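Visitor: There's a structure below that I have some questions on.
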Amino acid sequence: MNWMKRPLKIGTVGRSTFLVEPEHGIDITGDPNLAVLSTPSLIWFLEKAARQAVSAVLEPDYNSAGVHIDVQHLAATPLGHRVTCTARVIHIDGPSILFQVEACDQHETIAKGMHRRRTFKIDRFADRVRRKAERAT
């Protein structure tokens with residue numbers, strides 16, 4: 001595949017570890033002292049793990065973007081706790097890469113699911129975005 005420097009292998013893993021900060025949280029109980037990791041923030045870190053898994057094999061003029069995610073957010077994680085997100089390549093179909101994703105805090109698995117990314121040539125993507133932006137003005 002012309003977007004890879006070297007073959008991406010099934011089983012390749014990317015990880016993203018972070019501390020849950022106030023900007024990652026949501027207050028869903030009415031008590032700001034009980035804020036927890038929000039699902040959108042969790043998704044961002046899961047995508048970051050998947051991107052990390054594929055970035056080392058991409059040619060310099062290629063990148064990848066998330067195109068689908070299906071995640072169960074299973075447990076709450078309080079502010080100040082450490083979370084590790086893992087993305088494992090389970091299928092490659094041309095420019096489309098499917099990952100099994102999981103997130104764990106210090107105590108338990110907090111999320112699991114599937115995530116698909118698609119590789120693309122950066123200049124073509126940038127041209128499409130520019131044309132769309134110009135149509136909006």
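Letters for chains follow the order of the structure tokens (A, B, ...), residue numbers begin at 1 for each chain, and ligand numbers begin at 1 in the order shown.
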DSSP on the backbone, strand (DSSP E or B) only: what residues of segment 10-82 of chain A does that give? Format it as a VMD selection string.

Guide: chain A and resid 13 to 19 25 to 26 36 to 37 58 62 to 73 78 82

Visitor: Pull the alpha helix (DSSP H) assignments for segment 27-129 of chain A out of DSSP run on the backbone, and list those residues as a tab-separated table (two decimals) with all heavy atoms, in the first residue's frame.

Guide:
chain	number	residue	atom	x	y	z
A	39	THR	N	-17.41	11.34	28.36
A	39	THR	CA	-17.30	10.43	27.22
A	39	THR	C	-16.58	11.09	26.04
A	39	THR	O	-15.71	10.46	25.43
A	39	THR	CB	-18.68	9.88	26.82
A	39	THR	OG1	-19.24	9.21	27.97
A	39	THR	CG2	-18.57	8.90	25.67
A	40	PRO	N	-16.89	12.35	25.68
A	40	PRO	CA	-16.15	12.96	24.56
A	40	PRO	C	-14.64	13.02	24.81
A	40	PRO	O	-13.85	12.78	23.89
A	40	PRO	CB	-16.76	14.36	24.44
A	40	PRO	CG	-18.13	14.22	25.01
A	40	PRO	CD	-17.99	13.21	26.13
A	41	SER	N	-14.23	13.31	26.03
A	41	SER	CA	-12.80	13.33	26.34
A	41	SER	C	-12.20	11.94	26.22
A	41	SER	O	-11.11	11.76	25.68
A	41	SER	CB	-12.55	13.89	27.74
A	41	SER	OG	-12.86	15.25	27.80
A	42	LEU	N	-12.91	10.95	26.71
A	42	LEU	CA	-12.46	9.57	26.60
A	42	LEU	C	-12.27	9.18	25.14
A	42	LEU	O	-11.24	8.60	24.76
A	42	LEU	CB	-13.46	8.63	27.28
A	42	LEU	CG	-13.21	7.14	27.10
A	42	LEU	CD1	-11.88	6.73	27.72
A	42	LEU	CD2	-14.36	6.36	27.72
A	43	ILE	N	-13.23	9.53	24.29
A	43	ILE	CA	-13.14	9.22	22.87
A	43	ILE	C	-11.89	9.86	22.26
A	43	ILE	O	-11.18	9.25	21.46
A	43	ILE	CB	-14.42	9.71	22.12
A	43	ILE	CG1	-15.66	8.99	22.62
A	43	ILE	CG2	-14.25	9.58	20.61
A	43	ILE	CD1	-15.70	7.51	22.41
A	44	TRP	N	-11.60	11.10	22.63
A	44	TRP	CA	-10.42	11.80	22.11
A	44	TRP	C	-9.15	11.00	22.42
A	44	TRP	O	-8.29	10.82	21.55
A	44	TRP	CB	-10.34	13.20	22.71
A	44	TRP	CG	-9.29	14.06	22.06
A	44	TRP	CD1	-9.46	14.86	20.98
A	44	TRP	CD2	-7.93	14.18	22.44
A	44	TRP	NE1	-8.27	15.49	20.67
A	44	TRP	CE2	-7.31	15.09	21.55
A	44	TRP	CE3	-7.15	13.63	23.45
A	44	TRP	CZ2	-5.98	15.44	21.62
A	44	TRP	CZ3	-5.81	13.97	23.53
A	44	TRP	CH2	-5.23	14.88	22.63
A	45	PHE	N	-9.03	10.51	23.64
A	45	PHE	CA	-7.83	9.76	24.03
A	45	PHE	C	-7.79	8.37	23.37
A	45	PHE	O	-6.71	7.86	23.05
A	45	PHE	CB	-7.71	9.66	25.54
A	45	PHE	CG	-7.23	10.94	26.17
A	45	PHE	CD1	-8.13	11.78	26.81
A	45	PHE	CD2	-5.91	11.31	26.10
A	45	PHE	CE1	-7.69	12.97	27.39
A	45	PHE	CE2	-5.46	12.50	26.67
A	45	PHE	CZ	-6.36	13.33	27.31
A	46	LEU	N	-8.94	7.75	23.15
A	46	LEU	CA	-8.97	6.47	22.42
A	46	LEU	C	-8.50	6.69	20.98
A	46	LEU	O	-7.73	5.90	20.43
A	46	LEU	CB	-10.37	5.86	22.45
A	46	LEU	CG	-10.81	5.29	23.78
A	46	LEU	CD1	-12.31	5.01	23.78
A	46	LEU	CD2	-10.02	4.02	24.13
A	47	GLU	N	-8.97	7.77	20.35
A	47	GLU	CA	-8.51	8.09	18.99
A	47	GLU	C	-7.02	8.38	18.97
A	47	GLU	O	-6.32	7.97	18.05
A	47	GLU	CB	-9.27	9.31	18.44
A	47	GLU	CG	-10.61	8.98	17.88
A	47	GLU	CD	-11.03	9.96	16.80
A	47	GLU	OE1	-10.38	9.99	15.72
A	47	GLU	OE2	-11.99	10.69	17.03
A	48	LYS	N	-6.54	9.05	19.99
A	48	LYS	CA	-5.11	9.35	20.08
A	48	LYS	C	-4.29	8.06	20.13
A	48	LYS	O	-3.25	7.95	19.49
A	48	LYS	CB	-4.84	10.22	21.31
A	48	LYS	CG	-3.42	10.69	21.44
A	48	LYS	CD	-3.26	11.60	22.65
A	48	LYS	CE	-1.81	12.00	22.81
A	48	LYS	NZ	-1.59	12.82	23.99
A	49	ALA	N	-4.77	7.07	20.87
A	49	ALA	CA	-4.07	5.78	20.94
A	49	ALA	C	-4.04	5.10	19.57
A	49	ALA	O	-3.01	4.56	19.16
A	49	ALA	CB	-4.74	4.87	21.98
A	50	ALA	N	-5.17	5.12	18.86
A	50	ALA	CA	-5.23	4.50	17.53
A	50	ALA	C	-4.31	5.23	16.56
A	50	ALA	O	-3.60	4.60	15.76
A	50	ALA	CB	-6.67	4.49	17.02
A	51	ARG	N	-4.32	6.53	16.63
A	51	ARG	CA	-3.45	7.31	15.75
A	51	ARG	C	-1.98	7.00	16.02
A	51	ARG	O	-1.18	6.86	15.11
A	51	ARG	CB	-3.73	8.80	15.95
A	51	ARG	CG	-3.02	9.67	14.98
A	51	ARG	CD	-3.47	11.10	15.09
A	51	ARG	NE	-2.77	11.90	14.12
A	51	ARG	CZ	-2.80	13.19	14.06
A	51	ARG	NH1	-3.54	13.86	14.91
A	51	ARG	NH2	-2.12	13.83	13.14
A	52	GLN	N	-1.65	6.83	17.29
A	52	GLN	CA	-0.28	6.49	17.66
A	52	GLN	C	0.12	5.13	17.08
A	52	GLN	O	1.24	4.94	16.64
A	52	GLN	CB	-0.15	6.51	19.19
A	52	GLN	CG	1.26	6.39	19.73
A	52	GLN	CD	1.69	4.96	19.95
A	52	GLN	OE1	0.89	4.06	20.13
A	52	GLN	NE2	2.98	4.75	19.93
A	53	ALA	N	-0.81	4.19	17.05
A	53	ALA	CA	-0.51	2.85	16.53
A	53	ALA	C	-0.14	2.88	15.06
A	53	ALA	O	0.70	2.10	14.61
A	53	ALA	CB	-1.72	1.93	16.75
A	54	VAL	N	-0.75	3.76	14.30
A	54	VAL	CA	-0.55	3.77	12.85
A	54	VAL	C	0.47	4.81	12.38
A	54	VAL	O	1.07	4.66	11.32
A	54	VAL	CB	-1.90	3.96	12.12
A	54	VAL	CG1	-2.42	5.35	12.24
A	54	VAL	CG2	-1.83	3.52	10.69
A	55	SER	N	0.73	5.82	13.18
A	55	SER	CA	1.56	6.95	12.71
A	55	SER	C	2.98	6.55	12.32
A	55	SER	O	3.53	7.12	11.38
A	55	SER	CB	1.58	8.07	13.75
A	55	SER	OG	2.22	7.62	14.93
A	122	ILE	N	-2.35	13.95	2.64
A	122	ILE	CA	-2.58	15.22	3.32
A	122	ILE	C	-2.94	16.34	2.35
A	122	ILE	O	-3.88	17.09	2.58
A	122	ILE	CB	-1.35	15.61	4.18
A	122	ILE	CG1	-1.20	14.62	5.34
A	122	ILE	CG2	-1.46	17.04	4.69
A	122	ILE	CD1	0.11	14.73	6.09
A	123	ASP	N	-2.22	16.46	1.23
A	123	ASP	CA	-2.49	17.58	0.32
A	123	ASP	C	-3.89	17.48	-0.30
A	123	ASP	O	-4.57	18.49	-0.46
A	123	ASP	CB	-1.41	17.74	-0.74
A	123	ASP	CG	-1.22	16.52	-1.64
A	123	ASP	OD1	-1.79	15.45	-1.36
A	123	ASP	OD2	-0.49	16.65	-2.65
A	124	ARG	N	-4.34	16.28	-0.63
A	124	ARG	CA	-5.70	16.12	-1.18
A	124	ARG	C	-6.76	16.50	-0.15
A	124	ARG	O	-7.75	17.16	-0.46
A	124	ARG	CB	-5.93	14.68	-1.64
A	124	ARG	CG	-5.16	14.33	-2.87
A	124	ARG	CD	-5.53	12.93	-3.32
A	124	ARG	NE	-4.54	12.44	-4.25
A	124	ARG	CZ	-4.23	11.18	-4.41
A	124	ARG	NH1	-4.85	10.25	-3.70
A	124	ARG	NH2	-3.33	10.82	-5.28
A	125	PHE	N	-6.54	16.06	1.08
A	125	PHE	CA	-7.47	16.38	2.16
A	125	PHE	C	-7.52	17.89	2.37
A	125	PHE	O	-8.60	18.49	2.46
A	125	PHE	CB	-7.03	15.67	3.45
A	125	PHE	CG	-7.90	15.94	4.62
A	125	PHE	CD1	-9.05	15.19	4.84
A	125	PHE	CD2	-7.58	16.93	5.54
A	125	PHE	CE1	-9.86	15.42	5.94
A	125	PHE	CE2	-8.38	17.17	6.65
A	125	PHE	CZ	-9.52	16.42	6.84
A	126	ALA	N	-6.35	18.52	2.43
A	126	ALA	CA	-6.27	19.97	2.64
A	126	ALA	C	-6.98	20.73	1.51
A	126	ALA	O	-7.69	21.71	1.77
A	126	ALA	CB	-4.81	20.41	2.75
A	127	ASP	N	-6.82	20.27	0.27
A	127	ASP	CA	-7.51	20.91	-0.86
A	127	ASP	C	-9.02	20.83	-0.71
A	127	ASP	O	-9.73	21.82	-0.95
A	127	ASP	CB	-7.10	20.27	-2.19
A	127	ASP	CG	-5.71	20.66	-2.63
A	127	ASP	OD1	-5.16	21.64	-2.09
A	127	ASP	OD2	-5.17	19.97	-3.53
A	128	ARG	N	-9.54	19.66	-0.31
A	128	ARG	CA	-11.00	19.51	-0.12
A	128	ARG	C	-11.50	20.44	0.99
A	128	ARG	O	-12.55	21.06	0.86
A	128	ARG	CB	-11.35	18.06	0.21
A	128	ARG	CG	-11.35	17.16	-1.00
A	128	ARG	CD	-11.99	15.81	-0.72
A	128	ARG	NE	-11.42	15.09	0.40
A	128	ARG	CZ	-10.42	14.22	0.31
A	128	ARG	NH1	-9.86	13.95	-0.84
A	128	ARG	NH2	-9.98	13.61	1.40
A	129	VAL	N	-10.75	20.54	2.06
A	129	VAL	CA	-11.16	21.41	3.17
A	129	VAL	C	-11.15	22.87	2.73
A	129	VAL	O	-12.08	23.62	3.03
A	129	VAL	CB	-10.28	21.18	4.42
A	129	VAL	CG1	-10.58	22.21	5.49
A	129	VAL	CG2	-10.47	19.77	4.96

Visitor: Between atom CA of Val13 of chain A and atom CA of Asn63 of chain A, what is the distance, to one decimal in Å?

Guide: 17.1 Å

Visitor: Please, what distance in Å, to one decimal, runs between atom CA of Gly30 of chain A and atom CA of Thr84 of chain A?

Guide: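 Atom CA of Thr84 of chain A lies 26.9 Å from atom CA of Gly30 of chain A.
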
Visitor: Quick one: residues within 9 Å of Arg117 of chain A, only C-alpha atoms, excluding same-chain residues fewer than 4 positions away - as an MDAnalysis selection string?

Guide: chainID A and resid 47 50:51 64:69 95:99

Visitor: Rank A:Ala103, A:Leu74, A:Leu34, A:Ala56 by their smallest atom-to-atom distance to Arg15 of chain A, using only C-alpha atoms, and report the top residue only.

Guide: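 Result for the nearest residue to Arg15 of chain A: A:Ala103.
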
Visitor: Hey, what's within 6 Å of Met4 of chain A if we count only C-alpha atoms and toss same-chain stuff fewer than 2 positions away? As a PyMOL selection string, please?

Guide: chain A and resi 1-2+6+57-59

Visitor: Can you list, as a short mmCIF file (atom, residue, chain, number, x, y, z; two decimals) with N, CA and C atoms, in the first residue's frame, every protein, DNA or RNA residue that comes within 7 Å of Leu79 of chain A when you count only C-alpha atoms, leaving out same-chain residues fewer than 4 positions away?

Guide:
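Result file around-v3.cif:
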data_model
loop_
_atom_site.label_atom_id
_atom_site.label_comp_id
_atom_site.auth_asym_id
_atom_site.auth_seq_id
_atom_site.Cartn_x
_atom_site.Cartn_y
_atom_site.Cartn_z
N VAL A 20 -6.81 12.36 34.51
CA VAL A 20 -8.10 13.03 34.29
C VAL A 20 -8.05 14.40 34.99
N GLU A 21 -8.03 15.44 34.18
CA GLU A 21 -7.97 16.83 34.65
C GLU A 21 -9.37 17.43 34.59
N PRO A 22 -9.58 18.58 35.25
CA PRO A 22 -10.90 19.21 35.21
C PRO A 22 -11.44 19.45 33.80
N GLY A 25 -13.43 16.58 32.47
CA GLY A 25 -14.52 16.11 33.31
C GLY A 25 -15.88 16.71 33.00
N ALA A 35 -17.02 15.31 39.87
CA ALA A 35 -16.89 15.31 38.41
C ALA A 35 -16.14 14.05 37.97
N VAL A 36 -16.49 13.56 36.80
CA VAL A 36 -15.90 12.34 36.25
C VAL A 36 -15.46 12.58 34.81
N LEU A 37 -14.67 11.66 34.29
CA LEU A 37 -14.22 11.72 32.90
C LEU A 37 -15.42 11.72 31.96
#

Visitor: I'd like the interatomic distance between atom CA of Val89 of chain A and atom CA of Thr12 of chain A, to a tenth of an Å.

Guide: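 Going from atom CA of Val89 of chain A over to atom CA of Thr12 of chain A covers 5.4 Å.
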
Visitor: Using only C-alpha atoms, find the one residue out of A:Lys132, A:Ser38, A:Pro32, A:Ile10 that sits nearest to Gln100 of chain A.

Guide: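 That would be A:Ile10, the residue with the smallest distance to Gln100 of chain A.
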
Visitor: Neighbouring residues of Val71 of chain A were defined as those with any atom within 7 Å, considering only C-alpha atoms; residues of the same chain fewer than 6 positions away were excluded. Please report them as a ChimeraX atom specification.

Guide: /A:111-114

Visitor: Please save N, CA and C atoms of the selected residues as a compact mmCIF listing (two decimals), in the first residue's frame.

Guide:
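Written out: out19.txt:
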# COMPACT_ATOMS: atom_id res chain seq x y z
N ALA A 111 -13.95 1.39 29.52
CA ALA A 111 -14.55 1.50 28.18
C ALA A 111 -13.98 0.42 27.28
N LYS A 112 -14.80 0.01 26.31
CA LYS A 112 -14.32 -0.91 25.28
C LYS A 112 -15.18 -0.73 24.03
N GLY A 113 -14.58 -1.04 22.90
CA GLY A 113 -15.33 -0.90 21.67
C GLY A 113 -14.46 -1.04 20.44
N MET A 114 -14.95 -0.46 19.33
CA MET A 114 -14.28 -0.53 18.03
C MET A 114 -14.12 0.88 17.47

Visitor: Name the closest residue to His91 of chain A among the candidates A:Arg131, A:Tyr62, A:His115, A:Gln106; distances are taken between atoms, counting only C-alpha atoms.

Guide: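 Using only C-alpha atoms, the shortest distance to His91 of chain A belongs to A:His115.
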
Visitor: Between A:Asn33, A:Thr86, A:Thr77, A:Ser16, which one has atoms that come closest to Ile110 of chain A, using only C-alpha atoms?

Guide: A:Thr77

Visitor: Find the residues near Val83 of chain A: any atom within 6 Å, counting only C-alpha atoms, skip ones fewer than 3 places away on the same chain, and give them as a list in words.

Guide: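 What passes the distance filter is Thr17, Phe18, Cys104 and Asp105 of chain A.
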
Visitor: Take the residues from that selection and write them out as a PDB file, in the first residue's frame, keeping N, CA, C and O atoms.

Guide:
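As written to disk, again-v5.pdb reads:
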ATOM      1  N   THR A  17      -1.844   7.427  27.669  1.00  0.00           N
ATOM      2  CA  THR A  17      -2.074   7.454  29.109  1.00  0.00           C
ATOM      3  C   THR A  17      -2.183   8.907  29.548  1.00  0.00           C
ATOM      4  O   THR A  17      -1.419   9.753  29.103  1.00  0.00           O
ATOM      5  N   PHE A  18      -3.159   9.181  30.407  1.00  0.00           N
ATOM      6  CA  PHE A  18      -3.367  10.560  30.842  1.00  0.00           C
ATOM      7  C   PHE A  18      -3.955  10.580  32.252  1.00  0.00           C
ATOM      8  O   PHE A  18      -4.512   9.596  32.729  1.00  0.00           O
ATOM      9  N   CYS A 104      -8.722   1.719  30.603  1.00  0.00           N
ATOM     10  CA  CYS A 104      -8.730   1.237  31.987  1.00  0.00           C
ATOM     11  C   CYS A 104      -8.226   2.344  32.893  1.00  0.00           C
ATOM     12  O   CYS A 104      -7.276   3.055  32.544  1.00  0.00           O
ATOM     13  N   ASP A 105      -8.877   2.490  34.036  1.00  0.00           N
ATOM     14  CA  ASP A 105      -8.322   3.381  35.053  1.00  0.00           C
ATOM     15  C   ASP A 105      -7.552   2.516  36.041  1.00  0.00           C
ATOM     16  O   ASP A 105      -7.274   1.350  35.765  1.00  0.00           O
TER      17      ASP A 105
END

Visitor: Looking at A:Glu102, A:Asp70, A:Glu134, A:Asp61, which one is nearest to Gly14 of chain A, with distances taken over only C-alpha atoms?

Guide: A:Glu102
